[in-house]
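Take a look at the structure set out below.
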Amino acid sequence: AQSVAQPEDQVNVAEGNPLTVKCTYSVSGNPYLFWYVQYPNRGLQFLLKYITGDNLVKGSYGFEAEFNKSQTSFHLKKPSALVSDSALYFCAVRDRTNAGKSTFGDGTTLTVKP
Amino acid sequence: EPEVTQTPSHQVTQMGQEVILRCVPISNHLYFYWYRQILGQKVEFLVSFYNNEISEKSEIFDDQFSVERPDGSNFTLKIRSTKLEDSAMYFCASRKTGQYTEAFFGQGTRLTVV
């Protein structure tokens, strides 16, 4: 069975500093990995995905994520955080069946302070 | 930009009543999903739907739940006899055909069972 772990419930950074939100995964075979962001009382917005190819994936709003197969990680990063980046972030892994259901991590609340 | 729309945004119902949550997926998408998120907790897969039938369902999706695509645009989730523990945010998602496509989520319906 596939699974995702987000080891930090909360990440706090100062505006302008780099941020990292951690994610590790467990799947059989090659993973499809995704990051979503959820703002208060809103749905999940797609940020970026890793399917194959380059280990560094660039996404929306200046976010990027680094896929590391040996460490089974897919950490979300941004070089310079904004207050508006404060939200709940979910890492997800999708299985390779046609149904393609996603399994989400528990989420990490990112707070960027001015 | 096309989006997944869900109605209503908030539904309050009495325990034991039936509720129908409605979703309009993105028009050229062929895979449809329902997920739920109990307040402050992780996003959980309920069911996937493709080619007018359920592809996969979780253990949460018991006989009280059903899904339907009654016409070419709507995708509904019915809960026959709601329980207090069904209170959650319910998200509909859809994606295009293809292994590498990401799912797009609606804004969610907050279901409160009293």
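FYI, nothing fancy with the structure tokens labels: chains A, B, ... in order, residues from 1 per chain, ligands from 1 as they appear.
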Per residue of chain A within 7 Å of chain B, which atom pair is closest and at what distance in Å (one decimal), using only C-alpha atoms, listed by chain and increasing number, as JSON lines?
{"residue": "A:Arg42", "atom": "CA", "partner": "B:Gln107", "partner_atom": "CA", "distance": 5.2}
{"residue": "A:Gly43", "atom": "CA", "partner": "B:Gln107", "partner_atom": "CA", "distance": 4.0}
{"residue": "A:Leu44", "atom": "CA", "partner": "B:Phe105", "partner_atom": "CA", "distance": 5.7}
{"residue": "A:Gln45", "atom": "CA", "partner": "B:Phe105", "partner_atom": "CA", "distance": 6.8}
{"residue": "A:Phe46", "atom": "CA", "partner": "B:Phe104", "partner_atom": "CA", "distance": 6.9}
{"residue": "A:Ile51", "atom": "CA", "partner": "B:Tyr100", "partner_atom": "CA", "distance": 6.5}
{"residue": "A:Arg96", "atom": "CA", "partner": "B:Gln99", "partner_atom": "CA", "distance": 6.9}
{"residue": "A:Ala99", "atom": "CA", "partner": "B:Ser55", "partner_atom": "CA", "distance": 5.6}
{"residue": "A:Lys101", "atom": "CA", "partner": "B:Ser48", "partner_atom": "CA", "distance": 6.8}
{"residue": "A:Phe104", "atom": "CA", "partner": "B:Val43", "partner_atom": "CA", "distance": 6.0}
{"residue": "A:Gly105", "atom": "CA", "partner": "B:Lys42", "partner_atom": "CA", "distance": 6.7}
{"residue": "A:Asp106", "atom": "CA", "partner": "B:Lys42", "partner_atom": "CA", "distance": 4.6}
{"residue": "A:Gly107", "atom": "CA", "partner": "B:Lys42", "partner_atom": "CA", "distance": 6.6}
Legend entry - Neighbour list for Leu47 (chain A) as an MDAnalysis selection string, cut-off 7 Å, only C-alpha atoms, skip fewer than 6 positions in-chain: chainID A and resid 35:37 59:60
Legend entry - Interatomic distance, CA of Gln6 (chain A) to CA of Glu66 (chain A) (Å, one decimal):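 About the pair CA of Gln6 (chain A) and CA of Glu66 (chain A): they are 14.6 Å apart.
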Legend entry - Minimum-distance residue to Lys113 (chain A), chosen among A:Ala1, A:Val93, A:Ala14, A:Ala65 (using only C-alpha atoms): A:Ala14
Inset, instruction - Write down as a PyMOL selection string the residues belonging to region 47-112 of chain B that are assigned strand (DSSP E or B) by DSSP computed on the backbone. - result: chain B and resi 47-50+53-57+65-68+75-79+88-95+104-105+109-112
Keeping only C-alpha atoms, write the selected residues as a short mmCIF file (atom, residue, chain, number, x, y, z; two decimals), in the first residue's frame.
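Dumped to result39.cif:
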data_model
loop_
_atom_site.label_atom_id
_atom_site.label_comp_id
_atom_site.auth_asym_id
_atom_site.auth_seq_id
_atom_site.Cartn_x
_atom_site.Cartn_y
_atom_site.Cartn_z
CA VAL B 47 -14.34 6.69 -4.24
CA SER B 48 -13.21 6.95 -7.83
CA PHE B 49 -15.49 6.79 -10.84
CA TYR B 50 -14.73 6.18 -14.48
CA GLU B 53 -18.88 2.92 -12.79
CA ILE B 54 -16.96 2.88 -9.54
CA SER B 55 -13.28 2.10 -10.13
CA GLU B 56 -12.25 1.88 -6.54
CA LYS B 57 -13.67 2.68 -3.12
CA PHE B 65 -22.76 6.02 0.30
CA SER B 66 -23.44 6.03 -3.40
CA VAL B 67 -22.29 8.02 -6.41
CA GLU B 68 -23.99 8.80 -9.63
CA PHE B 75 -21.40 13.93 -10.38
CA THR B 76 -23.18 13.36 -7.08
CA LEU B 77 -22.41 11.79 -3.74
CA LYS B 78 -25.39 10.55 -1.74
CA ILE B 79 -25.33 9.65 1.91
CA ALA B 88 -16.69 16.77 7.25
CA MET B 89 -15.64 18.75 4.23
CA TYR B 90 -16.32 16.76 1.09
CA PHE B 91 -14.20 17.44 -1.96
CA CYS B 92 -14.95 16.44 -5.50
CA ALA B 93 -12.04 16.11 -7.94
CA SER B 94 -11.65 15.33 -11.60
CA ARG B 95 -8.82 14.73 -14.01
CA PHE B 104 -8.35 19.33 -9.87
CA PHE B 105 -10.37 19.82 -6.72
CA THR B 109 -19.03 21.14 0.64
CA ARG B 110 -18.99 21.44 4.39
CA LEU B 111 -21.48 18.91 5.73
CA THR B 112 -22.64 19.33 9.30
#
Legend entry - Between CA of Tyr39 (chain A) and CA of Glu1 (chain B) - distance in Å to one decimal: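 CA of Tyr39 (chain A) lies at a distance of 18.7 Å from CA of Glu1 (chain B).
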Inset, instruction - Using DSSP on the backbone coordinates, identify all residues within region 1-112 of chain A classified as helix (DSSP H, G or I); present the result as a ChimeraX atom specification. - result: /A:60-62,83-85
Inset, instruction - Work out how far apart CA of Val19 (chain B) and CA of Arg80 (chain B) are and give it in Å to one decimal. - result: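 Interatomic distance here is 6.6 Å.
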Inset, instruction - For region 75-87 of chain A, work out the shell of residues within 9 Å, counting only C-alpha atoms and skipping chain neighbours fewer than 2 positions away, then give it as a PyMOL selection string. - result: chain A and resi 13-24+35+37-40+61-68+73+89+91+108-114
